[in-house]
$ cat final29.txt   # compact mmCIF, C-alpha atoms
# COMPACT_ATOMS: atom_id res chain seq x y z
CA MET R 1 42.15 56.59 -22.83
CA PRO R 2 45.10 58.57 -21.30
CA GLY R 3 47.61 59.76 -23.86
CA GLU R 4 45.27 59.06 -26.75
CA THR R 5 45.55 61.39 -29.73
CA ALA R 6 42.68 62.84 -31.71
CA PRO R 7 41.33 60.70 -34.52
CA SER R 8 42.54 61.35 -38.05
CA LYS R 9 40.22 63.27 -40.35
CA THR R 10 40.74 60.57 -42.99
CA PRO R 11 37.68 58.27 -42.97
CA SER R 12 38.42 54.80 -41.63
CA PRO R 13 37.99 52.06 -44.24
CA ARG R 14 34.72 50.17 -43.85
CA LEU R 15 34.32 46.41 -43.86
CA LEU R 16 30.61 46.40 -44.68
CA ILE R 17 29.11 48.59 -47.39
CA LYS R 18 26.16 50.91 -46.91
CA VAL R 19 22.86 49.33 -47.95
CA THR R 20 21.26 50.99 -50.98
CA ARG R 21 18.90 49.80 -53.70
CA GLU R 22 21.94 49.18 -55.90
CA SER R 23 23.93 47.24 -53.30
CA LEU R 24 21.14 44.85 -52.28
CA PRO R 25 21.69 41.17 -53.22
CA GLN R 26 19.75 39.85 -56.17
CA VAL R 27 16.57 37.94 -55.27
CA LYS R 28 17.92 34.85 -57.05
CA ASP R 29 20.89 34.72 -54.68
CA LYS R 30 20.96 33.47 -51.09
CA TYR R 31 22.82 36.02 -49.02
CA PRO R 32 24.25 35.32 -45.55
CA PHE R 33 23.66 38.78 -44.05
CA ILE R 34 23.45 42.51 -44.57
CA TYR R 35 24.68 45.14 -42.15
CA LEU R 36 22.63 48.20 -41.17
CA GLU R 37 23.51 51.23 -39.06
CA ARG R 38 21.98 54.61 -38.18
CA GLY R 39 18.42 54.13 -39.33
CA ARG R 40 15.09 52.44 -38.63
CA LEU R 41 13.40 49.21 -39.69
CA GLU R 42 9.65 49.43 -40.19
CA ILE R 43 6.82 47.60 -41.97
CA ASP R 44 5.04 48.89 -45.05
CA ASP R 45 2.44 46.68 -46.79
CA SER R 46 3.83 43.56 -45.07
CA SER R 47 7.35 44.24 -46.37
CA VAL R 48 10.32 45.38 -44.32
CA LYS R 49 11.73 48.77 -45.23
CA TRP R 50 14.93 50.40 -44.07
CA ILE R 51 14.94 54.19 -43.56
CA ASP R 52 18.49 55.47 -43.16
CA CYS R 53 19.66 58.66 -41.46
CA GLU R 54 19.40 60.56 -44.75
CA ALA R 55 15.72 59.55 -45.18
CA ASN R 56 16.50 57.11 -48.01
CA VAL R 57 14.04 54.20 -48.07
CA VAL R 58 15.12 50.70 -49.14
CA ARG R 59 12.81 47.67 -49.16
CA LEU R 60 14.75 44.65 -47.88
CA PRO R 61 14.41 41.18 -49.46
CA ILE R 62 14.12 39.51 -46.05
CA ALA R 63 13.20 36.10 -47.52
CA THR R 64 16.62 35.96 -49.23
CA LEU R 65 18.62 36.78 -46.09
CA ASN R 66 19.95 34.53 -43.36
CA CYS R 67 20.63 37.34 -40.91
CA LEU R 68 20.40 41.10 -40.31
CA LEU R 69 23.32 42.71 -38.48
CA LEU R 70 22.06 45.80 -36.65
CA GLY R 71 24.85 48.28 -35.93
CA PRO R 72 24.96 51.54 -33.95
CA GLY R 73 22.01 53.91 -34.19
CA THR R 74 19.47 51.36 -35.42
CA SER R 75 15.94 50.86 -34.15
CA ILE R 76 13.33 48.31 -35.13
CA THR R 77 9.57 48.07 -34.61
CA HIS R 78 7.81 45.13 -33.01
CA GLU R 79 5.89 44.50 -36.25
CA ALA R 80 9.16 44.39 -38.22
CA ILE R 81 10.53 41.73 -35.89
CA LYS R 82 7.36 39.66 -36.45
CA VAL R 83 7.73 39.76 -40.24
CA ILE R 84 11.48 39.06 -40.07
CA ALA R 85 10.82 36.07 -37.79
CA GLN R 86 8.17 34.73 -40.17
CA SER R 87 10.81 34.79 -42.92
CA ASN R 88 13.25 32.75 -40.78
CA CYS R 89 15.76 35.59 -40.79
CA SER R 90 17.91 35.96 -37.66
CA VAL R 91 18.89 39.30 -36.12
CA CYS R 92 22.21 40.18 -34.48
CA TRP R 93 23.02 43.35 -32.55
CA VAL R 94 26.61 44.39 -33.21
CA GLY R 95 29.05 47.27 -32.97
CA GLU R 96 30.27 49.30 -35.94
CA ASP R 97 31.27 46.98 -38.81
CA SER R 98 30.49 44.07 -36.46
CA LEU R 99 33.78 44.57 -34.62
CA LEU R 100 31.79 43.99 -31.44
CA PHE R 101 29.09 41.37 -31.00
CA TYR R 102 26.34 41.88 -28.41
CA ALA R 103 23.48 39.44 -28.94
CA CYS R 104 21.60 37.29 -31.42
CA GLY R 105 17.89 36.64 -31.86
CA GLN R 106 16.85 33.43 -33.63
CA THR R 107 13.38 32.33 -34.67
CA PRO R 108 11.67 29.18 -33.28
CA THR R 109 11.59 27.75 -36.82
CA ALA R 110 15.20 28.64 -37.73
CA ASP R 111 17.08 26.33 -40.09
CA THR R 112 19.25 24.19 -37.79
CA ARG R 113 20.86 21.88 -40.35
CA ASN R 114 24.32 23.43 -40.04
CA MET R 115 24.21 23.37 -36.25
CA ARG R 116 23.09 19.72 -36.25
CA GLU R 117 26.03 18.75 -38.48
CA GLN R 118 28.37 20.70 -36.20
CA MET R 119 27.00 18.89 -33.14
CA LYS R 120 27.31 15.46 -34.79
CA LEU R 121 30.96 16.11 -35.46
CA SER R 122 31.65 17.44 -31.97
CA VAL R 123 30.14 14.50 -30.06
CA ASP R 124 32.04 11.86 -32.07
CA PRO R 125 35.60 11.73 -30.62
CA LYS R 126 37.23 10.58 -33.87
CA LYS R 127 35.37 13.07 -36.05
CA SER R 128 35.99 15.89 -33.57
CA VAL R 129 39.75 15.30 -33.61
CA GLY R 130 39.54 15.09 -37.39
CA VAL R 131 38.05 18.59 -37.52
CA ALA R 132 40.76 19.86 -35.15
CA ARG R 133 43.40 18.21 -37.32
CA ARG R 134 42.11 20.02 -40.41
CA MET R 135 42.33 23.30 -38.48
CA PHE R 136 45.90 22.64 -37.38
CA SER R 137 46.92 21.51 -40.86
CA LYS R 138 46.31 25.07 -42.08
CA ARG R 139 49.04 26.22 -39.68
CA PHE R 140 51.31 23.22 -40.18
CA PRO R 141 51.00 22.49 -43.93
CA GLU R 142 54.29 20.56 -44.03
CA ALA R 143 53.72 18.47 -40.88
CA ASP R 144 52.31 14.95 -40.78
CA LEU R 145 49.48 15.24 -38.26
CA ALA R 146 47.99 11.82 -38.90
CA GLY R 147 47.60 9.92 -35.64
CA LYS R 148 48.50 12.88 -33.44
CA SER R 149 46.22 13.53 -30.47
CA LEU R 150 44.55 16.84 -29.77
CA GLN R 151 46.93 17.45 -26.87
CA GLU R 152 49.97 16.87 -29.08
CA MET R 153 48.71 19.27 -31.75
CA MET R 154 47.89 21.89 -29.12
CA GLY R 155 51.45 21.55 -27.81
CA MET R 156 52.80 22.15 -31.32
CA GLU R 157 50.58 25.20 -31.68
CA GLY R 158 51.68 26.65 -28.34
CA TYR R 159 55.33 26.39 -29.35
CA ARG R 160 54.58 27.89 -32.78
CA VAL R 161 52.80 30.92 -31.31
CA ARG R 162 55.53 31.59 -28.72
CA SER R 163 58.13 31.42 -31.49
CA LEU R 164 56.00 33.69 -33.66
CA TYR R 165 55.86 36.36 -30.93
CA GLU R 166 59.67 36.28 -30.62
CA GLN R 167 60.12 36.36 -34.40
CA LYS R 168 57.82 39.38 -34.80
CA GLY R 169 59.56 41.16 -31.94
CA GLN R 170 62.91 40.77 -33.71
CA GLU R 171 61.44 41.66 -37.11
CA TYR R 172 59.96 44.95 -35.90
CA GLY R 173 62.55 45.74 -33.21
CA VAL R 174 60.05 45.48 -30.37
CA GLY R 175 60.91 44.16 -26.91
CA TRP R 176 58.65 41.27 -25.97
CA LYS R 177 58.10 40.03 -22.41
CA GLY R 178 55.19 37.70 -23.13
CA ARG R 179 51.43 37.79 -23.62
CA SER R 180 49.72 39.60 -20.76
CA PHE R 181 46.09 40.59 -20.29
CA THR R 182 44.16 41.29 -17.11
CA PRO R 183 40.37 41.39 -17.64
CA GLY R 184 39.00 44.84 -16.85
CA LYS R 185 42.48 46.38 -16.72
CA PHE R 186 43.32 46.90 -20.36
CA GLU R 187 45.61 49.84 -19.68
CA LEU R 188 48.01 47.73 -17.59
CA GLY R 189 49.37 45.94 -20.66
CA ASP R 190 52.19 47.31 -22.78
CA ILE R 191 51.34 48.77 -26.20
CA THR R 192 51.87 45.48 -28.05
CA ASN R 193 49.60 43.60 -25.66
CA GLN R 194 46.97 46.33 -25.83
CA VAL R 195 46.85 46.14 -29.65
CA LEU R 196 46.71 42.34 -29.47
CA THR R 197 43.80 42.45 -27.03
CA ALA R 198 41.86 45.03 -29.05
CA SER R 199 42.39 43.35 -32.43
CA ASN R 200 41.57 39.90 -31.01
CA ALA R 201 38.28 41.25 -29.64
CA ALA R 202 37.43 42.82 -33.01
CA LEU R 203 38.19 39.54 -34.78
CA TYR R 204 35.95 37.65 -32.33
CA GLY R 205 33.14 40.12 -33.07
CA ILE R 206 33.34 39.58 -36.83
CA LEU R 207 33.52 35.81 -36.45
CA SER R 208 30.60 35.68 -34.00
CA SER R 209 28.38 37.50 -36.49
CA ALA R 210 29.50 35.27 -39.36
CA VAL R 211 29.01 32.04 -37.39
CA HIS R 212 25.51 33.06 -36.30
CA SER R 213 24.54 34.24 -39.79
CA MET R 214 25.50 30.87 -41.29
CA GLY R 215 23.50 28.93 -38.72
CA TYR R 216 26.39 27.43 -36.74
CA SER R 217 26.85 27.68 -33.00
CA PRO R 218 29.75 29.66 -31.49
CA HIS R 219 29.43 27.47 -28.38
CA ILE R 220 30.37 24.14 -30.01
CA GLY R 221 34.15 24.00 -30.47
CA PHE R 222 36.69 21.38 -31.44
CA ILE R 223 39.94 22.68 -29.92
CA HIS R 224 38.99 25.22 -27.27
CA SER R 225 36.75 24.31 -24.34
CA GLY R 226 35.64 25.82 -21.06
CA SER R 227 35.15 29.24 -22.65
CA PRO R 228 32.06 31.16 -23.82
CA LEU R 229 32.79 30.99 -27.57
CA PRO R 230 35.01 27.98 -28.32
CA PHE R 231 34.16 27.70 -32.03
CA VAL R 232 34.87 31.42 -32.52
CA TYR R 233 38.23 31.00 -30.76
CA ASP R 234 38.96 27.92 -32.92
CA LEU R 235 38.37 29.93 -36.08
CA ALA R 236 40.17 33.04 -34.84
CA ASP R 237 43.42 31.11 -34.50
CA LEU R 238 43.38 30.58 -38.28
CA TYR R 239 43.62 34.32 -38.90
CA LYS R 240 45.39 35.85 -35.90
CA GLU R 241 48.95 35.65 -37.22
CA TYR R 242 48.42 38.38 -39.83
CA LEU R 243 45.32 40.22 -38.62
CA CYS R 244 46.33 40.53 -34.95
CA ILE R 245 49.88 39.46 -34.09
CA ASP R 246 51.74 41.02 -37.02
CA LEU R 247 49.51 44.11 -36.71
CA ALA R 248 50.33 44.54 -33.02
CA PHE R 249 54.09 44.42 -33.49
CA SER R 250 53.98 46.61 -36.61
CA LEU R 251 52.07 49.37 -34.77
CA THR R 252 54.00 49.32 -31.49
CA LEU R 253 56.88 51.59 -32.43
CA GLU R 254 54.62 53.80 -34.56
CA MET R 255 52.47 54.66 -31.53
CA ALA R 256 55.54 55.58 -29.47
CA GLY R 257 54.18 54.52 -26.11
CA HIS R 258 50.70 56.07 -26.53
CA TYR R 259 47.88 53.69 -27.40
CA ASN R 260 45.65 55.13 -30.13
CA LYS R 261 42.41 53.19 -30.58
CA HIS R 262 41.52 55.05 -33.80
CA LYS R 263 44.80 54.07 -35.45
CA VAL R 264 44.38 50.47 -34.33
CA SER R 265 40.79 50.29 -35.56
CA ALA R 266 41.65 51.77 -38.97
CA ALA R 267 44.67 49.50 -39.43
CA PHE R 268 42.70 46.40 -38.40
CA ARG R 269 39.86 47.23 -40.81
CA GLN R 270 42.34 47.73 -43.65
CA ARG R 271 43.92 44.35 -43.00
CA VAL R 272 40.55 42.59 -42.85
CA ILE R 273 39.59 44.15 -46.19
CA GLY R 274 42.90 43.27 -47.84
CA PHE R 275 42.77 39.74 -46.44
CA ASP R 276 39.16 39.30 -47.66
CA LEU R 277 38.23 37.77 -44.32
CA LEU R 278 34.48 37.99 -44.96
CA GLY R 279 34.94 36.08 -48.19
CA LYS R 280 37.08 33.37 -46.59
CA ILE R 281 35.11 32.50 -43.44
CA GLY R 282 32.31 30.53 -45.08
CA GLN R 283 34.65 28.54 -47.32
CA ASP R 284 37.00 27.80 -44.43
CA ILE R 285 34.19 26.54 -42.19
CA GLU R 286 32.96 24.21 -44.93
CA ALA R 287 36.47 22.87 -45.53
CA ILE R 288 37.18 22.42 -41.83
CA LEU R 289 33.91 20.69 -40.99
CA GLY R 290 33.86 18.76 -44.25
CA VAL R 291 30.18 19.61 -44.85
CA LYS R 292 28.35 21.87 -47.27
CA ASN R 293 26.74 24.99 -45.83
CA ALA R 294 23.07 23.93 -45.89
CA ARG R 295 21.81 27.49 -45.49
CA CYS R 296 23.37 28.61 -48.78
CA ASP R 297 20.73 26.70 -50.74
CA ARG R 298 17.78 27.16 -48.41
CA GLN R 299 14.59 27.43 -50.42
$ encode --input "final29.txt" --output "structure tokens"
Amino acid sequence: MPGETAPSKTPSPRLLIKVTRESLPQVKDKYPFIYLERGRLEIDDSSVKWIDCEANVVRLPIATLNCLLLGPGTSITHEAIKVIAQSNCSVCWVGEDSLLFYACGQTPTADTRNMREQMKLSVDPKKSVGVARRMFSKRFPEADLAGKSLQEMMGMEGYRVRSLYEQKGQEYGVGWKGRSFTPGKFELGDITNQVLTASNAALYGILSSAVHSMGYSPHIGFIHSGSPLPFVYDLADLYKEYLCIDLAFSLTLEMAGHYNKHKVSAAFRQRVIGFDLLGKIGQDIEAILGVKNARCDRQ
């Protein structure tokens, strides 16, 4: 983008570790996903093997995985997809570290218990509002939300976020004229809005991969509606204050009027790692929905 500086030579922190024989999950454990990039998935004696860009070969315990996240530079054979499907393992195509989410492939015999529980909650008006209330209670721990309607809680949240923007602007000495984003015209926003847009999109990518890997649907929400990924947007609001909003205001003056996507990406990754987002998502979904993740104990 115009005005962008060259990337730092310091390696950007990674959210997802490189797959090696030592880093593979133990067979006794049920693992939600592993992330692969720059390599090839093939079949050898009916088992799936991963050949990375350095010619290292790792046999993957597909039967113990819920999902494979395929990052940049990956390829997969037709036979590998057949074996993966037979093991009820889903496949997602994502950007680096899953900061972008492109598509998901699910098997005809996929475990749908989590999605069914999610749907049951969403179609029952009282239970659906109850889920929304548990989400809002994480942002309003001192408020009594009992009996409040969804519209009332959304009004509280709107006021909270507007106040948060003003507070962060004062804290970091950044002028704030309001949230602004025009689809397809990223460069028209000011630096703060550009960082907000980029970090929000990265957060949506991570959450989309996590939701799919745990067998939930990103399309069944409890607060948002009329959008492509309402459940992802519901969850994102739990984490945006620190991972996106505070990040945007903290970087604005540092970038001195020149948006630097490498700096934003590195800073966002570092915050996600420090926040332990990948460790929190599953627990938060269980607490919010009030159900146990059925795919954790799939036999």
$ residues_around --input "final29.txt" --residues "R:Met153" --least-positions-apart "5" --cutoff "8 Å" --atoms "all atoms listed in the file" --output "PDB file with C-alpha atoms, keeping the file's coordinate frame"
ATOM      1  CA  ARG R 133      43.400  18.210 -37.320  1.00  0.00           C
ATOM      2  CA  PHE R 136      45.900  22.640 -37.380  1.00  0.00           C
ATOM      3  CA  LEU R 145      49.480  15.240 -38.260  1.00  0.00           C
ATOM      4  CA  LYS R 148      48.500  12.880 -33.440  1.00  0.00           C
TER       5      LYS R 148
END
$ residues_around --input "final29.txt" --residues "R:Leu100" --least-positions-apart "5" --cutoff "7 Å" --atoms "all atoms listed in the file" --output "PyMOL selection string"
chain R and resi 94-95+202+205
$ write_last_selection --input "final29.txt" --atoms "C-alpha atoms" --output "short mmCIF file (atom, residue, chain, number, x, y, z; two decimals), in the coordinates of the input"
data_model
loop_
_atom_site.label_atom_id
_atom_site.label_comp_id
_atom_site.auth_asym_id
_atom_site.auth_seq_id
_atom_site.Cartn_x
_atom_site.Cartn_y
_atom_site.Cartn_z
CA VAL R 94 26.61 44.39 -33.21
CA GLY R 95 29.05 47.27 -32.97
CA ALA R 202 37.43 42.82 -33.01
CA GLY R 205 33.14 40.12 -33.07
#
$ closest_residue --input "final29.txt" --among "R:Ser250, R:Thr112, R:Thr182, R:Thr74" --to "R:Arg38" --atoms "all atoms listed in the file"
R:Thr74
$ closest_residue --input "final29.txt" --among "R:Leu69, R:Leu207, R:Ala267, R:Leu41" --to "R:Asp237" --atoms "all atoms listed in the file"
R:Leu207
$ closest_residue --input "final29.txt" --among "R:Arg40, R:Lys240, R:Lys280, R:Lys168" --to "R:Pro72" --atoms "all atoms listed in the file"
R:Arg40
$ build_atoms --input "final29.txt" --residues "stretch 77-89 of chain R" --atoms "N, CA and C atoms" --output "mmCIF file, in the frame of the given file"
data_model
loop_
_atom_site.group_PDB
_atom_site.id
_atom_site.type_symbol
_atom_site.label_atom_id
_atom_site.label_comp_id
_atom_site.auth_asym_id
_atom_site.auth_seq_id
_atom_site.Cartn_x
_atom_site.Cartn_y
_atom_site.Cartn_z
ATOM 1 N N THR R 77 10.902 48.162 -35.204
ATOM 2 C CA THR R 77 9.570 48.070 -34.610
ATOM 3 C C THR R 77 9.230 46.619 -34.291
ATOM 4 N N HIS R 78 8.285 46.459 -33.385
ATOM 5 C CA HIS R 78 7.810 45.130 -33.010
ATOM 6 C C HIS R 78 7.240 44.404 -34.222
ATOM 7 N N GLU R 79 6.492 45.105 -35.069
ATOM 8 C CA GLU R 79 5.890 44.500 -36.250
ATOM 9 C C GLU R 79 6.969 44.035 -37.240
ATOM 10 N N ALA R 80 8.069 44.798 -37.330
ATOM 11 C CA ALA R 80 9.160 44.390 -38.220
ATOM 12 C C ALA R 80 9.796 43.093 -37.744
ATOM 13 N N ILE R 81 9.972 42.968 -36.440
ATOM 14 C CA ILE R 81 10.530 41.730 -35.890
ATOM 15 C C ILE R 81 9.621 40.545 -36.216
ATOM 16 N N LYS R 82 8.308 40.746 -36.143
ATOM 17 C CA LYS R 82 7.360 39.660 -36.450
ATOM 18 C C LYS R 82 7.523 39.199 -37.895
ATOM 19 N N VAL R 83 7.600 40.128 -38.832
ATOM 20 C CA VAL R 83 7.730 39.760 -40.240
ATOM 21 C C VAL R 83 9.091 39.107 -40.514
ATOM 22 N N ILE R 84 10.140 39.632 -39.894
ATOM 23 C CA ILE R 84 11.480 39.060 -40.070
ATOM 24 C C ILE R 84 11.508 37.627 -39.534
ATOM 25 N N ALA R 85 10.875 37.409 -38.379
ATOM 26 C CA ALA R 85 10.820 36.070 -37.790
ATOM 27 C C ALA R 85 10.051 35.106 -38.693
ATOM 28 N N GLN R 86 8.950 35.580 -39.282
ATOM 29 C CA GLN R 86 8.170 34.730 -40.170
ATOM 30 C C GLN R 86 8.957 34.317 -41.412
ATOM 31 N N SER R 87 9.971 35.095 -41.761
ATOM 32 C CA SER R 87 10.810 34.790 -42.920
ATOM 33 C C SER R 87 12.040 33.968 -42.533
ATOM 34 N N ASN R 88 12.114 33.543 -41.262
ATOM 35 C CA ASN R 88 13.250 32.750 -40.780
ATOM 36 C C ASN R 88 14.585 33.491 -40.938
ATOM 37 N N CYS R 89 14.554 34.782 -40.724
ATOM 38 C CA CYS R 89 15.760 35.590 -40.790
ATOM 39 C C CYS R 89 16.184 35.944 -39.361
#
